[in-house]
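The file run.pdb contains PDB, C-alpha atoms and all ligand atoms:
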```
ATOM      1  CA  MET N 217     147.767  46.573 105.217
ATOM      2  CA  THR N 218     148.653  46.183 108.879
ATOM      3  CA  ASN N 219     145.633  45.937 111.123
ATOM      4  CA  HIS N 220     145.945  46.141 114.821
ATOM      5  CA  LYS N 221     142.970  44.798 116.708
ATOM      6  CA  TYR N 222     140.751  47.252 118.551
ATOM      7  CA  SER N 223     139.631  46.155 122.002
ATOM      8  CA  LEU N 224     136.207  45.085 120.718
ATOM      9  CA  THR N 225     135.410  41.808 118.973
ATOM     10  CA  GLY N 226     135.753  42.211 115.228
ATOM     11  CA  TYR N 227     136.800  45.878 115.246
ATOM     12  CA  HIS N 228     140.122  46.823 113.646
ATOM     13  CA  LYS N 229     141.744  50.225 113.282
ATOM     14  CA  GLU N 230     143.509  50.510 109.961
ATOM     15  CA  GLU N 231     146.824  52.353 109.538
ATOM     16  CA  ASN N 232     145.014  55.458 108.351
ATOM     17  CA  GLU N 233     142.868  55.309 111.506
ATOM     18  CA  GLU N 234     139.686  54.172 109.763
ATOM     19  CA  LEU N 235     137.591  51.899 111.963
ATOM     20  CA  TRP N 236     136.266  48.689 110.402
ATOM     21  CA  LEU N 237     134.018  45.949 111.730
ATOM     22  CA  TRP N 238     135.060  42.544 110.406
ATOM     23  CA  ASP N 239     132.406  39.836 110.777
ATOM     24  CA  ASP N 240     134.557  36.743 111.158
ATOM     25  CA  LEU N 241     133.421  33.495 109.506
ATOM     26  CA  PRO N 242     136.377  31.285 110.542
ATOM     27  CA  GLU N 243     134.937  28.028 109.198
ATOM     28  CA  LEU N 244     134.940  29.620 105.711
ATOM     29  CA  ASP N 245     138.248  31.524 106.000
ATOM     30  CA  MET N 246     136.240  34.666 105.366
ATOM     31  CA  GLU N 247     135.717  38.027 106.978
ATOM     32  CA  ILE N 248     133.151  40.565 105.813
ATOM     33  CA  GLY N 249     134.130  44.179 106.427
ATOM     34  CA  TYR N 250     131.915  47.158 107.181
ATOM     35  CA  LYS N 251     133.537  50.581 107.462
ATOM     36  CA  VAL N 252     132.303  52.189 110.661
ATOM     37  CA  GLY N 253     131.454  55.893 110.450
ATOM     38  CA  SER N 254     131.075  56.060 114.223
ATOM     39  CA  LEU N 255     130.962  53.656 117.115
ATOM     40  CA  LEU N 256     127.921  54.975 118.972
ATOM     41  CA  HIS N 257     127.776  52.517 121.847
ATOM     42  CA  TYR N 258     129.574  49.507 123.242
ATOM     43  CA  GLU N 259     129.455  47.487 126.406
ATOM     44  CA  HIS N 260     129.921  44.004 127.746
ATOM     45  CA  SER N 261     126.663  42.790 129.254
ATOM     46  CA  PRO N 262     126.692  39.614 131.382
ATOM     47  CA  PHE N 263     125.655  37.735 128.206
ATOM     48  CA  GLN N 264     127.502  39.275 125.269
ATOM     49  CA  GLU N 265     129.301  42.230 123.771
ATOM     50  CA  ILE N 266     126.789  44.793 122.492
ATOM     51  CA  SER N 267     127.640  47.600 120.115
ATOM     52  CA  ILE N 268     125.816  50.047 117.882
ATOM     53  CA  VAL N 269     127.635  51.464 114.870
ATOM     54  CA  GLU N 270     126.798  53.911 112.111
ATOM     55  CA  THR N 271     127.639  52.719 108.581
ATOM     56  CA  LYS N 272     127.168  54.305 105.182
ATOM     57  CA  ALA N 273     125.640  51.273 103.473
ATOM     58  CA  PHE N 274     123.196  50.189 106.176
ATOM     59  CA  GLY N 275     122.805  53.076 108.623
ATOM     60  CA  ARG N 276     122.807  52.064 112.275
ATOM     61  CA  MET N 277     123.560  48.439 113.050
ATOM     62  CA  LEU N 278     123.071  46.381 116.204
ATOM     63  CA  VAL N 279     126.172  44.184 116.577
ATOM     64  CA  LEU N 280     126.373  41.329 119.105
ATOM     65  CA  ASP N 281     129.739  39.665 119.759
ATOM     66  CA  GLY N 282     131.065  41.212 116.535
ATOM     67  CA  THR N 283     128.204  39.971 114.296
ATOM     68  CA  PRO N 284     125.652  42.383 112.778
ATOM     69  CA  GLN N 285     122.094  41.460 113.818
ATOM     70  CA  VAL N 286     119.808  44.113 112.380
ATOM     71  CA  THR N 287     120.360  47.340 110.468
ATOM     72  CA  ALA N 288     118.302  50.507 110.173
ATOM     73  CA  LYS N 289     118.209  50.333 106.366
ATOM     74  CA  ASP N 290     117.455  46.691 105.556
ATOM     75  CA  GLY N 291     116.094  45.374 108.903
ATOM     76  CA  PHE N 292     112.567  45.676 107.519
ATOM     77  CA  ILE N 293     113.203  42.695 105.243
ATOM     78  CA  TYR N 294     114.101  40.321 108.079
ATOM     79  CA  ASN N 295     111.370  41.652 110.372
ATOM     80  CA  GLU N 296     108.629  41.355 107.764
ATOM     81  CA  MET N 297     109.719  37.957 106.526
ATOM     82  CA  ILE N 298     110.092  36.263 109.902
ATOM     83  CA  THR N 299     106.657  37.559 110.949
ATOM     84  CA  HIS N 300     104.072  37.851 108.168
ATOM     85  CA  ILE N 301     104.258  34.387 106.619
ATOM     86  CA  ALA N 302     103.114  32.666 109.833
ATOM     87  CA  MET N 303     100.744  35.458 110.854
ATOM     88  CA  ALA N 304      98.923  35.261 107.516
ATOM     89  CA  ALA N 305      99.028  31.466 107.360
ATOM     90  CA  HIS N 306      97.138  31.253 110.678
ATOM     91  CA  PRO N 307      93.495  32.313 110.216
ATOM     92  CA  LYS N 308      93.211  33.970 113.650
ATOM     93  CA  PRO N 309      96.501  34.441 115.551
ATOM     94  CA  GLN N 310      95.642  35.714 119.024
ATOM     95  CA  LYS N 311      98.529  34.711 121.279
ATOM     96  CA  VAL N 312     101.936  35.317 119.731
ATOM     97  CA  ALA N 313     105.427  34.929 121.186
ATOM     98  CA  MET N 314     108.935  35.536 119.974
ATOM     99  CA  ILE N 315     112.204  34.298 121.387
ATOM    100  CA  GLY N 316     114.926  36.896 120.818
ATOM    101  CA  GLY N 317     113.884  40.492 121.291
ATOM    102  CA  GLY N 318     116.645  42.816 120.112
ATOM    103  CA  ASP N 319     115.055  45.826 118.451
ATOM    104  CA  CYS N 320     111.611  44.115 118.696
ATOM    105  CA  GLY N 321     110.920  44.618 114.964
ATOM    106  CA  PRO N 322     108.940  41.370 114.539
ATOM    107  CA  ALA N 323     106.684  42.328 117.482
ATOM    108  CA  ARG N 324     105.794  45.586 115.746
ATOM    109  CA  GLU N 325     104.987  43.678 112.545
ATOM    110  CA  ALA N 326     102.772  41.194 114.434
ATOM    111  CA  LEU N 327     100.764  44.077 115.907
ATOM    112  CA  LYS N 328      99.402  44.783 112.430
ATOM    113  CA  TYR N 329      97.104  41.759 112.804
ATOM    114  CA  GLU N 330      93.796  42.813 114.395
ATOM    115  CA  SER N 331      93.166  39.397 115.939
ATOM    116  CA  VAL N 332      96.307  39.644 118.109
ATOM    117  CA  GLN N 333      95.597  39.956 121.840
ATOM    118  CA  GLN N 334      99.045  39.405 123.344
ATOM    119  CA  ILE N 335     102.653  39.381 122.132
ATOM    120  CA  ASP N 336     105.279  37.969 124.487
ATOM    121  CA  VAL N 337     108.846  38.937 123.592
ATOM    122  CA  VAL N 338     111.332  36.692 125.397
ATOM    123  CA  GLU N 339     114.839  38.156 125.595
ATOM    124  CA  ILE N 340     117.732  36.854 127.673
ATOM    125  CA  ASP N 341     119.618  40.154 127.750
ATOM    126  CA  PRO N 342     117.754  43.245 129.000
ATOM    127  CA  ARG N 343     120.626  45.483 127.877
ATOM    128  CA  VAL N 344     120.018  44.645 124.197
ATOM    129  CA  ILE N 345     116.447  45.914 124.460
ATOM    130  CA  GLU N 346     117.492  49.051 126.368
ATOM    131  CA  VAL N 347     120.350  49.853 123.980
ATOM    132  CA  CYS N 348     118.065  49.366 120.939
ATOM    133  CA  ARG N 349     115.467  51.683 122.486
ATOM    134  CA  THR N 350     118.153  54.378 122.809
ATOM    135  CA  TRP N 351     119.931  53.954 119.472
ATOM    136  CA  MET N 352     117.712  52.014 117.065
ATOM    137  CA  THR N 353     113.887  52.236 117.230
ATOM    138  CA  LYS N 354     112.420  54.600 119.826
ATOM    139  CA  GLU N 355     108.832  54.201 121.098
ATOM    140  CA  THR N 356     106.829  54.014 117.891
ATOM    141  CA  GLY N 357     103.591  55.240 119.470
ATOM    142  CA  GLN N 358     101.736  52.394 117.756
ATOM    143  CA  GLU N 359      98.260  52.365 119.267
ATOM    144  CA  ARG N 360      98.385  48.722 120.336
ATOM    145  CA  GLU N 361     102.029  48.667 121.522
ATOM    146  CA  GLY N 362     100.675  47.896 125.034
ATOM    147  CA  LEU N 363      99.938  44.355 123.860
ATOM    148  CA  ILE N 364     103.695  43.667 123.734
ATOM    149  CA  ARG N 365     104.941  42.111 126.988
ATOM    150  CA  THR N 366     108.689  41.732 127.512
ATOM    151  CA  VAL N 367     109.780  38.595 129.358
ATOM    152  CA  LEU N 368     113.428  38.802 130.467
ATOM    153  CA  LYS N 369     114.378  35.135 130.547
ATOM    154  CA  ASP N 370     116.451  32.549 128.731
ATOM    155  CA  GLY N 371     114.159  31.373 125.926
ATOM    156  CA  TYR N 372     115.329  27.780 126.351
ATOM    157  CA  LYS N 373     114.174  27.710 129.983
ATOM    158  CA  TRP N 374     111.049  29.790 129.354
ATOM    159  CA  ILE N 375     109.731  27.581 126.549
ATOM    160  CA  GLN N 376     109.764  24.516 128.783
ATOM    161  CA  GLU N 377     107.101  26.170 130.974
ATOM    162  CA  GLN N 378     104.750  26.925 128.039
ATOM    163  CA  LYS N 379     102.255  24.225 127.101
ATOM    164  CA  ASN N 380      99.553  24.560 124.424
ATOM    165  CA  MET N 381      99.784  28.365 124.678
ATOM    166  CA  TYR N 382     100.685  30.099 121.424
ATOM    167  CA  ASP N 383      99.080  30.355 117.990
ATOM    168  CA  VAL N 384     102.297  31.710 116.487
ATOM    169  CA  LEU N 385     105.844  31.484 117.868
ATOM    170  CA  LEU N 386     108.762  33.228 116.123
ATOM    171  CA  VAL N 387     112.258  32.013 116.977
ATOM    172  CA  ASP N 388     114.285  35.141 116.215
ATOM    173  CA  ARG N 389     117.517  33.583 117.451
ATOM    174  CA  SER N 390     121.071  34.777 116.883
ATOM    175  CA  ASP N 391     123.484  32.355 115.200
ATOM    176  CA  PRO N 392     124.541  29.409 117.403
ATOM    177  CA  TYR N 393     127.088  31.018 119.679
ATOM    178  CA  GLY N 394     126.947  32.610 123.127
ATOM    179  CA  PRO N 395     123.520  32.638 124.780
ATOM    180  CA  ALA N 396     121.749  31.330 121.647
ATOM    181  CA  VAL N 397     123.465  27.900 121.564
ATOM    182  CA  SER N 398     120.621  26.253 123.527
ATOM    183  CA  LEU N 399     118.082  27.451 120.930
ATOM    184  CA  TYR N 400     119.635  24.942 118.486
ATOM    185  CA  LYS N 401     119.499  21.858 120.769
ATOM    186  CA  PRO N 402     117.355  19.011 119.341
ATOM    187  CA  GLN N 403     115.179  19.069 122.476
ATOM    188  CA  PHE N 404     114.347  22.753 121.868
ATOM    189  CA  TYR N 405     112.222  21.823 118.837
ATOM    190  CA  GLN N 406     110.089  19.480 120.963
ATOM    191  CA  TYR N 407     109.575  22.253 123.535
ATOM    192  CA  VAL N 408     108.475  24.607 120.747
ATOM    193  CA  TYR N 409     106.005  21.980 119.490
ATOM    194  CA  ASP N 410     104.563  21.566 123.005
ATOM    195  CA  SER N 411     104.221  25.337 123.493
ATOM    196  CA  LEU N 412     101.933  25.697 120.465
ATOM    197  CA  THR N 413      98.152  25.323 120.384
ATOM    198  CA  ASP N 414      96.688  22.427 118.391
ATOM    199  CA  ASP N 415      96.784  24.530 115.205
ATOM    200  CA  GLY N 416      99.901  26.545 116.089
ATOM    201  CA  ILE N 417     102.707  27.629 113.769
ATOM    202  CA  ALA N 418     106.400  28.298 114.500
ATOM    203  CA  VAL N 419     109.032  30.070 112.388
ATOM    204  CA  PHE N 420     112.791  29.717 112.878
ATOM    205  CA  GLN N 421     115.599  31.920 111.611
ATOM    206  CA  SER N 422     117.613  29.179 109.882
ATOM    207  CA  GLY N 423     120.723  30.918 108.564
ATOM    208  CA  SER N 424     122.407  31.328 105.207
ATOM    209  CA  PRO N 425     121.352  28.475 102.913
ATOM    210  CA  TYR N 426     124.620  28.895 101.021
ATOM    211  CA  TYR N 427     127.187  29.144 103.799
ATOM    212  CA  SER N 428     125.720  27.281 106.746
ATOM    213  CA  GLY N 429     124.282  23.891 107.642
ATOM    214  CA  ILE N 430     121.751  25.367 110.075
ATOM    215  CA  LEU N 431     118.890  25.175 107.584
ATOM    216  CA  LYS N 432     119.270  21.465 106.914
ATOM    217  CA  LYS N 433     119.546  20.598 110.616
ATOM    218  CA  THR N 434     116.567  22.787 111.536
ATOM    219  CA  SER N 435     114.405  21.360 108.771
ATOM    220  CA  SER N 436     115.185  17.713 109.538
ATOM    221  CA  SER N 437     114.594  18.208 113.294
ATOM    222  CA  LEU N 438     111.209  19.816 112.599
ATOM    223  CA  ARG N 439     110.122  17.166 110.077
ATOM    224  CA  LYS N 440     110.278  14.583 112.849
ATOM    225  CA  LEU N 441     107.660  16.540 114.814
ATOM    226  CA  PHE N 442     105.394  18.613 112.561
ATOM    227  CA  PRO N 443     103.193  17.425 109.673
ATOM    228  CA  ILE N 444     103.884  20.607 107.648
ATOM    229  CA  VAL N 445     107.410  22.027 107.285
ATOM    230  CA  HIS N 446     108.608  24.430 104.580
ATOM    231  CA  THR N 447     111.717  26.477 103.874
ATOM    232  CA  TYR N 448     111.367  29.986 102.515
ATOM    233  CA  ILE N 449     113.978  32.565 101.592
ATOM    234  CA  CYS N 450     114.522  36.278 101.106
ATOM    235  CA  SER N 451     117.349  38.644 100.185
ATOM    236  CA  ILE N 452     118.973  40.632 102.987
ATOM    237  CA  PRO N 453     121.869  42.739 101.610
ATOM    238  CA  SER N 454     123.694  43.181 104.940
ATOM    239  CA  PHE N 455     123.801  39.432 105.738
ATOM    240  CA  PRO N 456     126.659  37.227 104.450
ATOM    241  CA  GLY N 457     125.780  35.994 100.972
ATOM    242  CA  GLY N 458     122.639  38.120 100.793
ATOM    243  CA  ILE N 459     120.219  35.194 100.682
ATOM    244  CA  TRP N 460     118.651  34.093 103.983
ATOM    245  CA  SER N 461     116.407  31.225 105.067
ATOM    246  CA  PHE N 462     113.529  30.702 107.452
ATOM    247  CA  THR N 463     111.860  27.412 108.334
ATOM    248  CA  ILE N 464     108.141  27.330 109.080
ATOM    249  CA  ALA N 465     106.583  24.400 110.919
ATOM    250  CA  SER N 466     102.831  24.050 111.322
ATOM    251  CA  LYS N 467     100.476  21.618 113.066
ATOM    252  CA  LYS N 468      97.486  22.291 110.783
ATOM    253  CA  TRP N 469      97.586  25.341 108.475
ATOM    254  CA  ASP N 470      99.715  25.044 105.366
ATOM    255  CA  PRO N 471     101.148  28.440 104.366
ATOM    256  CA  LEU N 472     101.094  27.299 100.743
ATOM    257  CA  GLU N 473      97.282  27.246 100.980
ATOM    258  CA  ALA N 474      96.895  30.483 102.971
ATOM    259  CA  ASP N 475      94.144  32.975 102.165
ATOM    260  CA  LEU N 476      96.303  35.975 101.365
ATOM    261  CA  ASN N 477      93.449  38.437 101.866
ATOM    262  CA  GLY N 478      94.552  38.403 105.495
ATOM    263  CA  LEU N 479      98.169  39.378 104.756
ATOM    264  CA  GLN N 480      98.784  42.830 106.290
ATOM    265  CA  TRP N 481     101.191  44.061 103.628
ATOM    266  CA  GLN N 482      99.672  47.492 102.897
ATOM    267  CA  ASP N 483     102.479  49.490 104.531
ATOM    268  CA  ALA N 484     105.159  46.809 104.159
ATOM    269  CA  LYS N 485     108.352  47.448 102.193
ATOM    270  CA  TYR N 486     109.297  43.888 101.245
ATOM    271  CA  ILE N 487     106.418  41.465 101.571
ATOM    272  CA  ASN N 488     103.372  41.424  99.329
ATOM    273  CA  PRO N 489     101.155  38.547  98.154
ATOM    274  CA  GLU N 490     103.506  37.692  95.271
ATOM    275  CA  ILE N 491     106.585  37.613  97.531
ATOM    276  CA  PHE N 492     104.650  35.500 100.047
ATOM    277  CA  GLN N 493     104.171  32.816  97.404
ATOM    278  CA  ALA N 494     107.493  33.226  95.607
ATOM    279  CA  SER N 495     109.546  32.971  98.803
ATOM    280  CA  PHE N 496     108.794  29.226  98.927
ATOM    281  CA  VAL N 497     110.311  28.692  95.466
ATOM    282  CA  LEU N 498     113.835  27.414  96.123
ATOM    283  CA  PRO N 499     116.933  27.187  93.927
ATOM    284  CA  GLN N 500     117.856  23.593  93.146
ATOM    285  CA  TYR N 501     121.016  23.634  95.325
ATOM    286  CA  ILE N 502     118.873  24.355  98.387
ATOM    287  CA  LYS N 503     116.262  21.714  97.462
ATOM    288  CA  SER N 504     118.990  19.130  96.908
ATOM    289  CA  ALA N 505     120.673  19.937 100.242
ATOM    290  CA  LEU N 506     117.350  19.571 102.045
ATOM    291  CA  GLU N 507     116.654  16.220 100.364
ATOM    292  CA  GLU N 508     120.111  14.756 101.093
ATOM    293  CA  LYS N 509     120.102  12.031 103.742
TER     294      LYS N 509
HETATM  295  N1  LIG X 601     115.287  40.755 114.658
HETATM  296  C1  LIG X 601     115.813  41.305 115.903
HETATM  297  C2  LIG X 601     115.786  42.791 115.872
HETATM  298  O1  LIG X 601     114.919  43.374 115.182
HETATM  299  O2  LIG X 601     116.590  43.406 116.574
HETATM  300  C3  LIG X 601     117.196  40.785 116.132
HETATM  301  C4  LIG X 601     117.183  39.691 117.117
HETATM  302  S1  LIG X 601     118.783  39.035 117.315
HETATM  303  C5  LIG X 601     118.879  38.064 115.806
HETATM  304  C6  LIG X 601     118.625  37.766 118.480
HETATM  305  C7  LIG X 601     118.288  38.176 119.913
HETATM  306  O3  LIG X 601     118.170  36.966 120.666
HETATM  307  C8  LIG X 601     119.340  39.004 120.628
HETATM  308  O4  LIG X 601     118.731  40.165 121.163
HETATM  309  C9  LIG X 601     119.873  38.086 121.751
HETATM  310  O5  LIG X 601     120.229  38.771 122.940
HETATM  311  C10 LIG X 601     118.669  37.172 121.964
HETATM  312  N2  LIG X 601     118.982  35.856 122.529
HETATM  313  C11 LIG X 601     120.097  35.102 122.321
HETATM  314  N3  LIG X 601     120.017  33.958 123.009
HETATM  315  C12 LIG X 601     118.817  33.965 123.652
HETATM  316  C13 LIG X 601     118.148  33.066 124.531
HETATM  317  N4  LIG X 601     118.714  31.910 124.896
HETATM  318  N5  LIG X 601     116.916  33.416 124.996
HETATM  319  C14 LIG X 601     116.339  34.578 124.650
HETATM  320  N6  LIG X 601     116.927  35.484 123.825
HETATM  321  C15 LIG X 601     118.140  35.177 123.339
END
```

Using the file provided, produce a representation of the structure as C-alpha cells.
Ligand code: SAM
Amino acid sequence: MTNHKYSLTGYHKEENEELWLWDDLPELDMEIGYKVGSLLHYEHSPFQEISIVETKAFGRMLVLDGTPQVTAKDGFIYNEMITHIAMAAHPKPQKVAMIGGGDCGPAREALKYESVQQIDVVEIDPRVIEVCRTWMTKETGQEREGLIRTVLKDGYKWIQEQKNMYDVLLVDRSDPYGPAVSLYKPQFYQYVYDSLTDDGIAVFQSGSPYYSGILKKTSSSLRKLFPIVHTYICSIPSFPGGIWSFTIASKKWDPLEADLNGLQWQDAKYINPEIFQASFVLPQYIKSALEEK
C-alpha cells in the first residue's frame, strides 16, 4: 500500500483515493486509522490545525493537530464522565469552570445541576468553539445556557488570576502537545488548588491508563496537594485502547462517600449511580502503576 501524505497532519490519500486519518502515536510505533467519509472543514488557526471529518463509526469528529478530540457518536461518554462525578460529589456546586472548551459538552452537562449559577469555559482558541458551533453541536436552546460564559484565554495564564473562586473545576485538556503543554506543568496543579474554594473539587483528563504515563504523573502531583485524590475510568470506543482515565482531586468531599440522590443522570446515556461507583474500581495493572514509586 503506497500512501502519499495529504497536506493535513495525519491525513493520507490511499492509492484508490480513499481518505484516511491516521492518529500517530510515535512513542508506541502505532497509528490508528479512521476512514474519512468527508473532510467537512479544515484550517490552521494561530494555535493549531483544526478539522472536522465525517466517519462511519463515530459520525462527525473534531480533530486537532491530527488527533481526534470528540465525536458525535461517543462524545457523550467523555462529557458525562468528566463532569458528573465532581458535580455530584460536591453538595452544592455554584461556581464551575472548565479549561478547554471545544464543543462545550461538559458545560452543557454541568447545567443540569440546579445549584449552578455560573459556568466559565476557558478556551485558548476561539476558532475551535466557532467551528464546533457550525459543525458539531449547534445552540441547544437549553433554558439556562446563558449561565455559560466563554473566556478566550490561555488556561495556564487565566488560572493564575483565580483565587478561592470555584466549587468545581474541570480540566478538559488536550494531550500534552501544542497549546496544552502548559496544562501539564507541575506548577499548574498548585494554581488549580489555589483557584478552588475551601471545599472545591477538580477533575483532570489524565489519558489512556494503558498507553500513557500521564495518569501516574497527574495523580502523584495531585497527591502532594490534595487530601483526597482518586482515579476513575470509563470506556470510550474512539480513543486509543478504549479505556480512559480521569483524576479527581478534592479538598473536602470524597466522591466515594457522595450522596448519589443528587446525581443528574436521568437523561444521561452513560453515567448512572452504579457506573458512578464502579468507575473507581480499577484493574490491578492500573493500581500497581499508581502505587509504584
Ligand atoms: N470535551 C471537549 C469537547 O466536547 O469538545 C473537547 C475538549 S479538547 C480535549 C481540549 C480543548 O482545550 C481544545 O478545544 C483546545 O483548543 C483547548 N486548549 C488547549 N490548550 C489550552 C490552553 N492552554 N488553555 C485553554 N484551552 C486550551

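Between CA of Asp319 in chain N and CA of Lys467 in chain N the separation is 28.8 Å.
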
For Val312 in chain N: contacts at 10 Å, all atoms listed in the file, fewer than 5 positions along chain excluded, given as number ranges by chain:
N: 303, 323, 326-327, 332-337, 364, 381-386, 412, 416-418

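For the pair atom O4 of ligand LIG 601 (chain X) and CA of Ser390 in chain N, the interatomic distance is 7.3 Å.
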
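Residues surrounding Gln482 in chain N within 12 Å are N:Glu296, N:His300, N:Glu325, N:Lys328, N:Tyr329, N:Asn488, N:Pro489 [only C-alpha atoms; sequence separation below 6 positions excluded].
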
I want to know what sits within 7 Å of range 434-437 of chain N, based on only C-alpha atoms, with residues of the same chain fewer than 6 positions away left out; could you give that as a PyMOL selection string?
chain N and resi 402+422+463

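For Asp281 in chain N, the non-local neighbours within 9 Å, defined as residues at least 3 positions apart in the same chain or in other chains and counting all atoms listed in the file, are Leu224, Thr225, Gly226, Gln264, Glu265, Ile266, Ser267, Pro284 and Gly394 of chain N.
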
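Take the candidates N:Val279, N:Ile491, N:Met246, N:Leu255 and check each one against ligand LIG 601 (chain X) using only C-alpha atoms and all ligand atoms; the shortest distance goes to N:Val279.
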
Residue members of the PyMOL selection byres (((chain N and resi 269) around 8) and not hetatm) in the file shown, as a PyMOL selection string:
chain N and resi 252-257+267-268+270-271+276-279

Matched chain/residue IDs from the PyMOL selection byres (((chain N and resi 229-236) around 6) and not hetatm), as a list in words
Asn219, Tyr227, His228, Leu237, Tyr250, Lys251 and Val252 of chain N

Expand the PyMOL selection byres (((chain N and resi 339-346) around 9) and not hetatm) into the individual residues it matches in the shown file, reporting them as a PyMOL selection string.
chain N and resi 261-264+266+278+280+314-320+337-338+347-351+366-371+395
